[in-house]
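Student: Got a file for you: my_file.cif, mmCIF, C-alpha atoms.
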```
data_query
#
loop_
_atom_site.group_PDB
_atom_site.id
_atom_site.type_symbol
_atom_site.label_atom_id
_atom_site.label_comp_id
_atom_site.auth_asym_id
_atom_site.auth_seq_id
_atom_site.Cartn_x
_atom_site.Cartn_y
_atom_site.Cartn_z
ATOM 1 C CA MET A 1 15.235 -16.874 -57.875
ATOM 2 C CA ALA A 2 18.604 -17.692 -59.409
ATOM 3 C CA PRO A 3 21.450 -15.204 -58.955
ATOM 4 C CA PRO A 4 22.422 -12.989 -61.871
ATOM 5 C CA GLN A 5 24.686 -14.835 -64.259
ATOM 6 C CA PRO A 6 27.906 -12.931 -64.980
ATOM 7 C CA SER A 7 30.032 -14.224 -67.786
ATOM 8 C CA SER A 8 32.155 -16.410 -65.508
ATOM 9 C CA ALA A 9 29.044 -18.098 -64.075
ATOM 10 C CA ARG A 10 28.730 -20.174 -67.217
ATOM 11 C CA HIS A 11 30.860 -23.282 -67.687
ATOM 12 C CA LEU A 12 34.223 -21.879 -68.657
ATOM 13 C CA SER A 13 37.138 -23.496 -70.391
ATOM 14 C CA ARG A 14 40.287 -24.121 -68.384
ATOM 15 C CA ARG A 15 42.167 -21.738 -70.668
ATOM 16 C CA ARG A 16 39.952 -18.797 -69.768
ATOM 17 C CA LEU A 17 39.924 -19.569 -66.067
ATOM 18 C CA LEU A 18 43.670 -19.966 -65.841
ATOM 19 C CA THR A 19 44.778 -17.006 -67.946
ATOM 20 C CA THR A 20 42.698 -14.206 -66.434
ATOM 21 C CA THR A 21 44.885 -11.585 -64.758
ATOM 22 C CA ALA A 22 43.809 -11.258 -61.112
ATOM 23 C CA ALA A 23 44.427 -9.015 -58.149
ATOM 24 C CA THR A 24 44.579 -11.254 -55.100
ATOM 25 C CA ALA A 25 44.988 -10.815 -51.371
ATOM 26 C CA GLY A 26 48.572 -11.998 -51.485
ATOM 27 C CA ALA A 27 49.913 -10.541 -54.714
ATOM 28 C CA LEU A 28 49.063 -8.436 -57.758
ATOM 29 C CA VAL A 29 49.611 -10.359 -60.978
ATOM 30 C CA VAL A 30 51.344 -7.993 -63.358
ATOM 31 C CA GLY A 31 52.994 -8.760 -66.697
ATOM 32 C CA SER A 32 54.101 -12.174 -67.838
ATOM 33 C CA SER A 33 57.691 -12.619 -66.677
ATOM 34 C CA ALA A 34 58.864 -16.092 -65.724
ATOM 35 C CA ALA A 35 59.542 -14.897 -62.180
ATOM 36 C CA THR A 36 56.001 -13.601 -61.776
ATOM 37 C CA ALA A 37 54.479 -16.753 -63.248
ATOM 38 C CA SER A 38 56.526 -18.915 -60.905
ATOM 39 C CA ALA A 39 55.646 -16.845 -57.840
ATOM 40 C CA THR A 40 51.912 -16.988 -58.538
ATOM 41 C CA GLY A 41 51.849 -20.605 -59.641
ATOM 42 C CA ASP A 42 50.630 -19.872 -63.173
ATOM 43 C CA THR A 43 53.074 -22.409 -64.616
ATOM 44 C CA TRP A 44 52.229 -25.078 -62.041
ATOM 45 C CA PRO A 45 50.071 -28.061 -63.058
ATOM 46 C CA ASP A 46 46.345 -27.454 -63.472
ATOM 47 C CA VAL A 47 45.463 -31.055 -62.595
ATOM 48 C CA ILE A 48 47.288 -33.053 -59.928
ATOM 49 C CA PRO A 49 46.894 -36.856 -60.038
ATOM 50 C CA LEU A 50 46.203 -38.800 -56.858
ATOM 51 C CA PRO A 51 46.723 -42.525 -56.315
ATOM 52 C CA ASP A 52 44.141 -44.738 -58.014
ATOM 53 C CA GLY A 53 41.403 -45.686 -55.591
ATOM 54 C CA PHE A 54 42.355 -42.922 -53.127
ATOM 55 C CA ARG A 55 38.836 -41.382 -52.802
ATOM 56 C CA PRO A 56 39.735 -37.824 -51.659
ATOM 57 C CA GLU A 57 37.364 -35.525 -49.796
ATOM 58 C CA GLY A 58 39.169 -32.924 -47.700
ATOM 59 C CA ILE A 59 42.080 -30.651 -48.631
ATOM 60 C CA THR A 60 44.217 -28.190 -46.700
ATOM 61 C CA ILE A 61 47.271 -26.102 -47.625
ATOM 62 C CA GLY A 62 49.750 -24.411 -45.301
ATOM 63 C CA ASP A 63 52.393 -21.739 -45.904
ATOM 64 C CA GLY A 64 54.481 -23.983 -48.130
ATOM 65 C CA PRO A 65 53.352 -25.159 -51.564
ATOM 66 C CA TYR A 66 52.014 -28.500 -50.339
ATOM 67 C CA ALA A 67 48.438 -29.754 -50.229
ATOM 68 C CA TYR A 68 47.302 -32.431 -47.793
ATOM 69 C CA LEU A 69 44.374 -34.681 -48.673
ATOM 70 C CA GLY A 70 42.512 -37.375 -46.782
ATOM 71 C CA SER A 71 41.122 -40.656 -48.104
ATOM 72 C CA LEU A 72 37.503 -41.667 -47.593
ATOM 73 C CA GLY A 73 38.661 -45.229 -48.086
ATOM 74 C CA ASP A 74 41.285 -46.098 -45.495
ATOM 75 C CA GLY A 75 41.937 -42.623 -44.046
ATOM 76 C CA SER A 76 45.463 -42.253 -45.421
ATOM 77 C CA ILE A 77 46.939 -38.759 -45.797
ATOM 78 C CA TYR A 78 48.542 -37.775 -49.108
ATOM 79 C CA ARG A 79 50.840 -34.779 -49.583
ATOM 80 C CA ALA A 80 51.072 -33.200 -53.046
ATOM 81 C CA ASP A 81 53.677 -30.681 -54.199
ATOM 82 C CA LEU A 82 51.703 -27.923 -55.949
ATOM 83 C CA ARG A 83 54.723 -26.961 -58.040
ATOM 84 C CA THR A 84 55.238 -30.357 -59.641
ATOM 85 C CA GLY A 85 52.048 -32.311 -58.968
ATOM 86 C CA LYS A 86 54.071 -35.119 -57.416
ATOM 87 C CA GLY A 87 53.467 -36.524 -53.958
ATOM 88 C CA GLY A 88 53.036 -39.522 -51.723
ATOM 89 C CA ILE A 89 51.356 -40.984 -48.663
ATOM 90 C CA ILE A 90 52.755 -39.439 -45.474
ATOM 91 C CA SER A 91 50.441 -41.167 -43.000
ATOM 92 C CA ALA A 92 48.945 -44.608 -43.459
ATOM 93 C CA GLY A 93 45.268 -44.617 -42.627
ATOM 94 C CA PRO A 94 43.692 -46.394 -39.657
ATOM 95 C CA GLY A 95 41.219 -48.126 -41.978
ATOM 96 C CA THR A 96 38.480 -45.590 -41.309
ATOM 97 C CA PRO A 97 37.616 -42.453 -43.335
ATOM 98 C CA SER A 98 39.351 -39.098 -43.300
ATOM 99 C CA VAL A 99 36.879 -36.409 -44.322
ATOM 100 C CA GLY A 100 37.576 -32.689 -43.704
ATOM 101 C CA LEU A 101 41.015 -31.658 -42.459
ATOM 102 C CA LYS A 102 42.925 -28.520 -41.509
ATOM 103 C CA LEU A 103 46.624 -27.839 -40.943
ATOM 104 C CA ASP A 104 47.865 -25.647 -38.098
ATOM 105 C CA ASP A 105 51.151 -23.739 -37.859
ATOM 106 C CA ARG A 106 52.706 -26.525 -35.782
ATOM 107 C CA GLY A 107 52.485 -29.072 -38.577
ATOM 108 C CA ARG A 108 49.465 -30.836 -37.098
ATOM 109 C CA LEU A 109 46.520 -32.049 -39.151
ATOM 110 C CA PHE A 110 43.114 -31.980 -37.457
ATOM 111 C CA ILE A 111 40.988 -34.596 -39.203
ATOM 112 C CA ALA A 112 37.236 -35.219 -39.175
ATOM 113 C CA GLY A 113 36.744 -38.977 -39.017
ATOM 114 C CA ARG A 114 33.090 -39.461 -39.979
ATOM 115 C CA GLY A 115 31.713 -42.041 -37.471
ATOM 116 C CA GLN A 116 35.050 -42.302 -35.665
ATOM 117 C CA GLY A 117 35.201 -38.780 -34.242
ATOM 118 C CA ALA A 118 38.441 -36.878 -34.804
ATOM 119 C CA ARG A 119 42.157 -37.375 -34.731
ATOM 120 C CA VAL A 120 45.302 -35.238 -34.928
ATOM 121 C CA VAL A 121 48.250 -36.287 -37.105
ATOM 122 C CA ASP A 122 51.847 -35.024 -37.102
ATOM 123 C CA THR A 123 52.757 -34.246 -40.731
ATOM 124 C CA ARG A 124 56.473 -34.658 -40.008
ATOM 125 C CA THR A 125 56.230 -38.238 -38.723
ATOM 126 C CA GLY A 126 52.816 -39.335 -39.973
ATOM 127 C CA GLY A 127 51.983 -40.485 -36.473
ATOM 128 C CA ILE A 128 48.651 -40.008 -34.720
ATOM 129 C CA ILE A 129 49.089 -37.548 -31.852
ATOM 130 C CA ALA A 130 45.590 -37.837 -30.420
ATOM 131 C CA SER A 131 42.181 -39.369 -31.138
ATOM 132 C CA TYR A 132 38.817 -38.188 -29.823
ATOM 133 C CA THR A 133 35.283 -39.515 -29.535
ATOM 134 C CA LEU A 134 33.183 -36.424 -30.210
ATOM 135 C CA THR A 135 29.762 -37.878 -29.456
ATOM 136 C CA THR A 136 28.132 -41.109 -28.310
ATOM 137 C CA LYS A 137 24.908 -40.306 -30.173
ATOM 138 C CA THR A 138 24.014 -42.186 -33.327
ATOM 139 C CA PRO A 139 23.976 -41.700 -36.207
ATOM 140 C CA THR A 140 26.987 -39.419 -36.383
ATOM 141 C CA PHE A 141 28.992 -38.102 -39.339
ATOM 142 C CA VAL A 142 31.842 -35.815 -38.289
ATOM 143 C CA ASN A 143 32.327 -34.049 -41.594
ATOM 144 C CA ASP A 144 34.490 -30.925 -41.541
ATOM 145 C CA VAL A 145 36.786 -28.907 -39.296
ATOM 146 C CA PHE A 146 37.867 -25.290 -38.903
ATOM 147 C CA LEU A 147 40.659 -23.920 -36.709
ATOM 148 C CA THR A 148 40.477 -20.748 -34.626
ATOM 149 C CA PRO A 149 43.285 -19.591 -32.317
ATOM 150 C CA ARG A 150 41.562 -21.240 -29.351
ATOM 151 C CA ALA A 151 39.706 -24.257 -30.736
ATOM 152 C CA ALA A 152 39.244 -26.812 -33.473
ATOM 153 C CA TRP A 153 35.568 -26.821 -34.497
ATOM 154 C CA PHE A 154 33.947 -29.888 -36.079
ATOM 155 C CA THR A 155 30.583 -30.265 -37.821
ATOM 156 C CA ASP A 156 28.319 -33.306 -37.559
ATOM 157 C CA SER A 157 26.136 -33.894 -40.614
ATOM 158 C CA PHE A 158 23.770 -36.246 -38.763
ATOM 159 C CA GLN A 159 23.447 -34.401 -35.424
ATOM 160 C CA PRO A 160 22.455 -30.727 -34.793
ATOM 161 C CA ALA A 161 25.715 -29.961 -33.035
ATOM 162 C CA LEU A 162 29.219 -28.573 -33.327
ATOM 163 C CA TYR A 163 32.117 -29.998 -31.321
ATOM 164 C CA ALA A 164 35.010 -27.878 -30.083
ATOM 165 C CA LEU A 165 38.444 -29.134 -29.071
ATOM 166 C CA PRO A 166 39.767 -26.313 -26.851
ATOM 167 C CA LEU A 167 43.417 -25.460 -27.549
ATOM 168 C CA GLY A 168 45.783 -24.180 -24.879
ATOM 169 C CA ARG A 169 47.692 -20.920 -25.209
ATOM 170 C CA GLN A 170 50.681 -22.847 -26.523
ATOM 171 C CA GLY A 171 48.455 -24.939 -28.782
ATOM 172 C CA SER A 172 48.236 -27.829 -26.325
ATOM 173 C CA LEU A 173 45.588 -30.435 -27.120
ATOM 174 C CA PRO A 174 42.684 -31.095 -24.753
ATOM 175 C CA ALA A 175 41.818 -34.227 -22.836
ATOM 176 C CA GLN A 176 38.803 -36.249 -23.934
ATOM 177 C CA ASP A 177 36.634 -34.847 -21.121
ATOM 178 C CA GLU A 178 37.365 -31.249 -22.203
ATOM 179 C CA ILE A 179 35.491 -31.532 -25.506
ATOM 180 C CA VAL A 180 32.649 -29.016 -25.783
ATOM 181 C CA THR A 181 29.371 -29.781 -27.557
ATOM 182 C CA VAL A 182 27.360 -26.814 -28.841
ATOM 183 C CA THR A 183 23.784 -27.659 -29.871
ATOM 184 C CA LEU A 184 22.498 -25.801 -32.930
ATOM 185 C CA SER A 185 19.224 -23.890 -32.509
ATOM 186 C CA GLY A 186 17.585 -20.680 -33.718
ATOM 187 C CA ASP A 187 17.008 -20.857 -37.488
ATOM 188 C CA TRP A 188 18.486 -24.349 -37.614
ATOM 189 C CA THR A 189 16.013 -27.124 -38.537
ATOM 190 C CA GLN A 190 17.654 -30.539 -38.536
ATOM 191 C CA ALA A 191 16.570 -33.017 -41.202
ATOM 192 C CA PRO A 192 16.287 -36.372 -39.381
ATOM 193 C CA GLY A 193 18.238 -39.524 -40.022
ATOM 194 C CA GLU A 194 21.220 -39.955 -42.280
ATOM 195 C CA VAL A 195 20.671 -36.760 -44.271
ATOM 196 C CA VAL A 196 23.607 -34.397 -44.776
ATOM 197 C CA ASN A 197 22.902 -31.303 -42.674
ATOM 198 C CA ALA A 198 25.892 -29.369 -41.289
ATOM 199 C CA ASN A 199 28.839 -29.623 -43.641
ATOM 200 C CA GLY A 200 31.483 -26.949 -44.377
ATOM 201 C CA ILE A 201 32.522 -24.540 -41.641
ATOM 202 C CA THR A 202 34.518 -21.298 -41.426
ATOM 203 C CA ARG A 203 34.298 -17.985 -39.544
ATOM 204 C CA THR A 204 32.721 -14.621 -40.237
ATOM 205 C CA PRO A 205 35.049 -11.895 -41.576
ATOM 206 C CA ASP A 206 35.126 -10.173 -38.171
ATOM 207 C CA GLY A 207 35.965 -13.470 -36.451
ATOM 208 C CA LYS A 208 33.126 -13.158 -33.927
ATOM 209 C CA ALA A 209 30.972 -16.038 -35.168
ATOM 210 C CA LEU A 210 31.083 -19.196 -37.247
ATOM 211 C CA LEU A 211 29.524 -19.928 -40.640
ATOM 212 C CA VAL A 212 28.098 -23.372 -41.401
ATOM 213 C CA VAL A 213 26.455 -24.523 -44.624
ATOM 214 C CA GLN A 214 23.506 -26.917 -44.358
ATOM 215 C CA SER A 215 23.831 -29.073 -47.454
ATOM 216 C CA GLY A 216 20.380 -30.568 -47.874
ATOM 217 C CA ALA A 217 18.468 -27.371 -47.075
ATOM 218 C CA GLY A 218 20.936 -25.186 -48.968
ATOM 219 C CA GLY A 219 21.185 -22.551 -46.235
ATOM 220 C CA LEU A 220 24.196 -20.692 -44.878
ATOM 221 C CA HIS A 221 23.999 -20.138 -41.113
ATOM 222 C CA ARG A 222 25.789 -17.673 -38.867
ATOM 223 C CA VAL A 223 26.403 -19.497 -35.573
ATOM 224 C CA ASP A 224 27.056 -17.960 -32.170
ATOM 225 C CA PRO A 225 29.849 -20.241 -30.869
ATOM 226 C CA ARG A 226 28.859 -19.658 -27.253
ATOM 227 C CA THR A 227 25.178 -20.530 -27.528
ATOM 228 C CA GLY A 228 24.747 -22.415 -30.803
ATOM 229 C CA ILE A 229 21.971 -20.045 -31.857
ATOM 230 C CA THR A 230 21.984 -19.715 -35.621
ATOM 231 C CA LYS A 231 20.662 -17.118 -38.030
ATOM 232 C CA LEU A 232 20.318 -17.666 -41.751
ATOM 233 C CA VAL A 233 22.693 -15.412 -43.659
ATOM 234 C CA ASP A 234 20.806 -13.072 -45.988
ATOM 235 C CA LEU A 235 22.206 -13.805 -49.452
ATOM 236 C CA GLY A 236 19.570 -11.803 -51.315
ATOM 237 C CA ASP A 237 18.257 -13.468 -54.448
ATOM 238 C CA ALA A 238 21.026 -16.060 -54.595
ATOM 239 C CA ALA A 239 19.866 -19.600 -55.313
ATOM 240 C CA PRO A 240 19.926 -22.069 -52.393
ATOM 241 C CA LEU A 241 23.344 -23.551 -51.675
ATOM 242 C CA THR A 242 22.080 -27.076 -52.300
ATOM 243 C CA ASN A 243 24.875 -29.636 -51.893
ATOM 244 C CA GLY A 244 26.959 -26.917 -50.245
ATOM 245 C CA ASP A 245 30.174 -28.529 -49.054
ATOM 246 C CA GLY A 246 33.532 -26.928 -48.278
ATOM 247 C CA LEU A 247 33.740 -23.258 -47.284
ATOM 248 C CA LEU A 248 36.733 -20.949 -47.729
ATOM 249 C CA LEU A 249 36.852 -17.369 -46.449
ATOM 250 C CA LEU A 250 39.482 -15.002 -47.888
ATOM 251 C CA GLY A 251 39.014 -11.523 -46.465
ATOM 252 C CA GLN A 252 35.313 -10.826 -46.964
ATOM 253 C CA ARG A 253 34.988 -13.151 -49.939
ATOM 254 C CA LEU A 254 33.363 -16.520 -49.233
ATOM 255 C CA TYR A 255 33.826 -19.459 -51.611
ATOM 256 C CA VAL A 256 31.125 -22.148 -51.312
ATOM 257 C CA VAL A 257 31.739 -25.461 -53.059
ATOM 258 C CA GLN A 258 28.549 -27.077 -54.371
ATOM 259 C CA ASN A 259 29.734 -30.577 -55.050
ATOM 260 C CA ARG A 260 27.200 -32.166 -57.412
ATOM 261 C CA GLN A 261 26.731 -28.873 -59.228
ATOM 262 C CA ASN A 262 30.461 -28.907 -60.058
ATOM 263 C CA ALA A 263 30.619 -25.258 -59.065
ATOM 264 C CA ILE A 264 31.921 -22.719 -56.579
ATOM 265 C CA ASP A 265 29.608 -19.843 -55.685
ATOM 266 C CA VAL A 266 31.369 -16.668 -54.552
ATOM 267 C CA PHE A 267 29.877 -14.099 -52.157
ATOM 268 C CA LYS A 268 31.047 -10.775 -50.734
ATOM 269 C CA LEU A 269 30.066 -10.881 -47.064
ATOM 270 C CA ALA A 270 29.377 -8.129 -44.576
ATOM 271 C CA GLU A 271 32.005 -7.935 -41.825
ATOM 272 C CA ASP A 272 29.658 -9.545 -39.303
ATOM 273 C CA GLY A 273 28.663 -12.284 -41.737
ATOM 274 C CA ARG A 274 24.948 -11.573 -41.431
ATOM 275 C CA SER A 275 24.500 -10.837 -45.142
ATOM 276 C CA GLY A 276 26.246 -11.300 -48.439
ATOM 277 C CA ILE A 277 26.026 -10.464 -52.131
ATOM 278 C CA PHE A 278 26.448 -13.039 -54.877
ATOM 279 C CA GLU A 279 29.444 -12.169 -57.068
ATOM 280 C CA ASP A 280 30.362 -15.078 -59.255
ATOM 281 C CA ARG A 281 30.114 -18.764 -60.082
ATOM 282 C CA LEU A 282 33.301 -20.647 -60.956
ATOM 283 C CA THR A 283 33.219 -23.901 -62.879
ATOM 284 C CA ASP A 284 35.691 -26.002 -64.812
ATOM 285 C CA PHE A 285 35.386 -28.845 -67.301
ATOM 286 C CA ALA A 286 37.748 -30.917 -65.146
ATOM 287 C CA PHE A 287 35.458 -30.783 -62.078
ATOM 288 C CA ASP A 288 33.961 -34.163 -61.145
ATOM 289 C CA VAL A 289 32.052 -33.588 -57.903
ATOM 290 C CA PRO A 290 34.618 -31.413 -56.093
ATOM 291 C CA THR A 291 34.024 -31.318 -52.357
ATOM 292 C CA THR A 292 36.313 -28.902 -50.562
ATOM 293 C CA VAL A 293 38.636 -26.044 -51.421
ATOM 294 C CA ALA A 294 41.938 -24.561 -50.275
ATOM 295 C CA ALA A 295 43.929 -21.613 -51.620
ATOM 296 C CA TYR A 296 47.558 -20.964 -52.431
ATOM 297 C CA ASN A 297 48.666 -17.671 -54.032
ATOM 298 C CA ASN A 298 46.090 -16.806 -56.702
ATOM 299 C CA ARG A 299 44.732 -20.314 -57.130
ATOM 300 C CA LEU A 300 42.017 -22.490 -55.626
ATOM 301 C CA TYR A 301 42.586 -26.234 -55.311
ATOM 302 C CA LEU A 302 39.686 -28.709 -55.207
ATOM 303 C CA PRO A 303 39.735 -32.520 -54.935
ATOM 304 C CA ASN A 304 37.405 -34.440 -57.241
ATOM 305 C CA ALA A 305 35.533 -36.883 -54.996
ATOM 306 C CA ARG A 306 33.658 -38.381 -57.984
ATOM 307 C CA PHE A 307 30.644 -39.371 -55.884
ATOM 308 C CA THR A 308 28.696 -40.248 -59.045
ATOM 309 C CA THR A 309 31.320 -42.840 -59.998
ATOM 310 C CA THR A 310 31.407 -46.240 -58.284
ATOM 311 C CA PRO A 311 34.764 -46.402 -56.477
ATOM 312 C CA THR A 312 37.112 -49.237 -57.292
ATOM 313 C CA PRO A 313 40.811 -49.776 -56.543
ATOM 314 C CA ASP A 314 41.521 -48.587 -60.100
ATOM 315 C CA THR A 315 39.328 -45.449 -60.103
ATOM 316 C CA ALA A 316 41.374 -42.355 -60.980
ATOM 317 C CA TYR A 317 41.204 -39.245 -58.790
ATOM 318 C CA THR A 318 42.620 -35.745 -59.196
ATOM 319 C CA VAL A 319 42.931 -32.284 -57.677
ATOM 320 C CA VAL A 320 41.933 -29.400 -59.964
ATOM 321 C CA ALA A 321 43.385 -25.863 -59.781
ATOM 322 C CA VAL A 322 41.447 -22.782 -60.923
ATOM 323 C CA LYS A 323 42.047 -19.056 -60.631
ATOM 324 C CA ARG A 324 40.340 -17.166 -57.833
ATOM 325 C CA SER A 325 37.305 -15.085 -58.669
ATOM 326 C CA VAL A 326 38.101 -11.631 -60.061
ATOM 327 C CA MET A 327 35.729 -8.817 -59.165
#
```
Take the structure from the file and write it as structure tokens.
Tutor:
Amino acid sequence: MAPPQPSSARHLSRRRLLTTTAATAGALVVGSSAATASATGDTWPDVIPLPDGFRPEGITIGDGPYAYLGSLGDGSIYRADLRTGKGGIISAGPGTPSVGLKLDDRGRLFIAGRGQGARVVDTRTGGIIASYTLTTKTPTFVNDVFLTPRAAWFTDSFQPALYALPLGRQGSLPAQDEIVTVTLSGDWTQAPGEVVNANGITRTPDGKALLVVQSGAGGLHRVDPRTGITKLVDLGDAAPLTNGDGLLLLGQRLYVVQNRQNAIDVFKLAEDGRSGIFEDRLTDFAFDVPTTVAAYNNRLYLPNARFTTTPTPDTAYTVVAVKRSVM
């Protein structure tokens, strides 16, 4: 059964999405002064251009107003200024894909490298700090990454496993032989072959478990990080999260990008992440197969991967900004 359709679940115009007054976790939008608009980003560009042929997939944003994006083409890393929409390549790619990525508070990007495992890049120099082989099994598709205080967790879309890079107390990176593989079990049923299974990853609101979306099956799983045992999250009558991609947790609100649906489904989760209630569906006319999502102030930023468009060196790509859900 499809979830109830509130007014914002229909395809909305950019004007409506970007002018709704919203109470957010970081600030309460009040009035219309220039100072308030600047602080919340309401006057910042709604669409940020990327280099032609870039082929974005992952996005991450730190404390400053800069988004970092990875290229599925050559793996280059692009930094965009959210205030102006301008940016440039800060790290030339190794010639292999960059998929999901996350930024830590030390200026390091942890990057999922599809069939090439993972690597860590210094955003200040653009240099590669470390590279890791996460599995020797084939096929493998290291797809997304999530950071906890003690580990960087990676999903594999072609293998029923998560990989953890343990982090030292001072954030030190592990050696290759310290990588931990956690096999998924419980409610998890792996579709064989090169079918997208595990994709986006985040944590439960209480921080005691992980959440992983299984794209093909459309299920959201709560994962015990110690054992790999999974339990399907009870989302009530919500429709399956088919093509579920990037996940973003803000407080108890979970944003699930559904790429080919050109939509973000929003859920209010229980603290332990075992259940959730559908709240909203966000769409925008500028979406063209968005894959992942990051937040800054009262806005969500999503790269258009344009998977339904044949990539060429001249294909245009963008990042689209929309207001957070208001409930």
Student: Which neighbours of region 128-143 of chain A fall inside 10 Å, counting all atoms listed in the file, when residues of the same chain fewer than 3 positions from it are skipped, and could you give them as a ChimeraX atom specification?
Tutor: /A:57-58,91-94,98-101,108-123,125,154-165,173-177,179-181,192-201,245-246
Student: What would the file look like if the residues just selected were written as an mmCIF file, keeping the file's coordinate frame with C-alpha atoms?
Tutor:
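New file part_29.cif:
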```
data_model
loop_
_atom_site.group_PDB
_atom_site.id
_atom_site.type_symbol
_atom_site.label_atom_id
_atom_site.label_comp_id
_atom_site.auth_asym_id
_atom_site.auth_seq_id
_atom_site.Cartn_x
_atom_site.Cartn_y
_atom_site.Cartn_z
ATOM 1 C CA GLU A 57 37.364 -35.525 -49.796
ATOM 2 C CA GLY A 58 39.169 -32.924 -47.700
ATOM 3 C CA SER A 91 50.441 -41.167 -43.000
ATOM 4 C CA ALA A 92 48.945 -44.608 -43.459
ATOM 5 C CA GLY A 93 45.268 -44.617 -42.627
ATOM 6 C CA PRO A 94 43.692 -46.394 -39.657
ATOM 7 C CA SER A 98 39.351 -39.098 -43.300
ATOM 8 C CA VAL A 99 36.879 -36.409 -44.322
ATOM 9 C CA GLY A 100 37.576 -32.689 -43.704
ATOM 10 C CA LEU A 101 41.015 -31.658 -42.459
ATOM 11 C CA ARG A 108 49.465 -30.836 -37.098
ATOM 12 C CA LEU A 109 46.520 -32.049 -39.151
ATOM 13 C CA PHE A 110 43.114 -31.980 -37.457
ATOM 14 C CA ILE A 111 40.988 -34.596 -39.203
ATOM 15 C CA ALA A 112 37.236 -35.219 -39.175
ATOM 16 C CA GLY A 113 36.744 -38.977 -39.017
ATOM 17 C CA ARG A 114 33.090 -39.461 -39.979
ATOM 18 C CA GLY A 115 31.713 -42.041 -37.471
ATOM 19 C CA GLN A 116 35.050 -42.302 -35.665
ATOM 20 C CA GLY A 117 35.201 -38.780 -34.242
ATOM 21 C CA ALA A 118 38.441 -36.878 -34.804
ATOM 22 C CA ARG A 119 42.157 -37.375 -34.731
ATOM 23 C CA VAL A 120 45.302 -35.238 -34.928
ATOM 24 C CA VAL A 121 48.250 -36.287 -37.105
ATOM 25 C CA ASP A 122 51.847 -35.024 -37.102
ATOM 26 C CA THR A 123 52.757 -34.246 -40.731
ATOM 27 C CA THR A 125 56.230 -38.238 -38.723
ATOM 28 C CA PHE A 154 33.947 -29.888 -36.079
ATOM 29 C CA THR A 155 30.583 -30.265 -37.821
ATOM 30 C CA ASP A 156 28.319 -33.306 -37.559
ATOM 31 C CA SER A 157 26.136 -33.894 -40.614
ATOM 32 C CA PHE A 158 23.770 -36.246 -38.763
ATOM 33 C CA GLN A 159 23.447 -34.401 -35.424
ATOM 34 C CA PRO A 160 22.455 -30.727 -34.793
ATOM 35 C CA ALA A 161 25.715 -29.961 -33.035
ATOM 36 C CA LEU A 162 29.219 -28.573 -33.327
ATOM 37 C CA TYR A 163 32.117 -29.998 -31.321
ATOM 38 C CA ALA A 164 35.010 -27.878 -30.083
ATOM 39 C CA LEU A 165 38.444 -29.134 -29.071
ATOM 40 C CA LEU A 173 45.588 -30.435 -27.120
ATOM 41 C CA PRO A 174 42.684 -31.095 -24.753
ATOM 42 C CA ALA A 175 41.818 -34.227 -22.836
ATOM 43 C CA GLN A 176 38.803 -36.249 -23.934
ATOM 44 C CA ASP A 177 36.634 -34.847 -21.121
ATOM 45 C CA ILE A 179 35.491 -31.532 -25.506
ATOM 46 C CA VAL A 180 32.649 -29.016 -25.783
ATOM 47 C CA THR A 181 29.371 -29.781 -27.557
ATOM 48 C CA PRO A 192 16.287 -36.372 -39.381
ATOM 49 C CA GLY A 193 18.238 -39.524 -40.022
ATOM 50 C CA GLU A 194 21.220 -39.955 -42.280
ATOM 51 C CA VAL A 195 20.671 -36.760 -44.271
ATOM 52 C CA VAL A 196 23.607 -34.397 -44.776
ATOM 53 C CA ASN A 197 22.902 -31.303 -42.674
ATOM 54 C CA ALA A 198 25.892 -29.369 -41.289
ATOM 55 C CA ASN A 199 28.839 -29.623 -43.641
ATOM 56 C CA GLY A 200 31.483 -26.949 -44.377
ATOM 57 C CA ILE A 201 32.522 -24.540 -41.641
ATOM 58 C CA ASP A 245 30.174 -28.529 -49.054
ATOM 59 C CA GLY A 246 33.532 -26.928 -48.278
#
```
Student: Using all atoms listed in the file, can you tell me which of A:Val233, A:Ala80, A:Ile264, A:Ala151 comes closest to Glu178 (chain A)?
Tutor: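 So, comparing all the options, the nearest one is A:Ala151.
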Student: If you measure from CA of Ala239 (chain A) to CA of Val213 (chain A), what distance in Å do you get, rounded to one decimal?
Tutor: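 Rounded to one decimal, the two atoms are 13.5 Å apart.
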Student: Go through the shown structure with the PyMOL selection byres ((chain A and resi 286-299) around 6) and write out the matching residues as JSON, numbers by chain.
Tutor: {"A": [24, 40, 57, 58, 60, 245, 246, 259, 260, 262, 284, 285, 300, 301, 302, 303, 304, 305, 306, 322, 323, 324]}
Student: For this file, the PyMOL selection byres ((chain A and resi 52) around 6) selects which residues, as an NGL selection string?
Tutor: :A and (51 or 53-54 or 314-316)
Student: Which residue gives the smallest distance to Gly62 (chain A) among A:Arg203, A:Arg79, A:Asp104, A:Gly236, with all atoms listed in the file counted?
Tutor: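 Distance minimum relative to Gly62 (chain A) lands on A:Asp104.
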Student: What's the separation between CA of Asp81 (chain A) and CA of Tyr66 (chain A), in Å to one decimal place?
Tutor: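 Answer for the CA of Asp81 (chain A) to CA of Tyr66 (chain A) separation: 4.7 Å.
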Student: Compile the contact shell of Asp46 (chain A) as a PyMOL selection string: residues with an atom at most 9 Å away, counting only C-alpha atoms, same-chain residues fewer than 2 positions apart removed.
Tutor: chain A and resi 14+18+42-44+48+85+319-322
Student: Report as a list in words the residues that result from applying the PyMOL selection byres ((chain A and resi 217) around 8) to the structure here.
Tutor: Asn197, Gln214, Ser215, Gly216, Gly218, Gly219, Pro240, Leu241 and Thr242 of chain A
Student: Report as a count of residues only all protein, DNA and RNA residues lying within 6 Å of Val266 (chain A), evaluated on all atoms listed in the file, omitting residues in the same chain fewer than 5 positions from it.
Tutor: 4
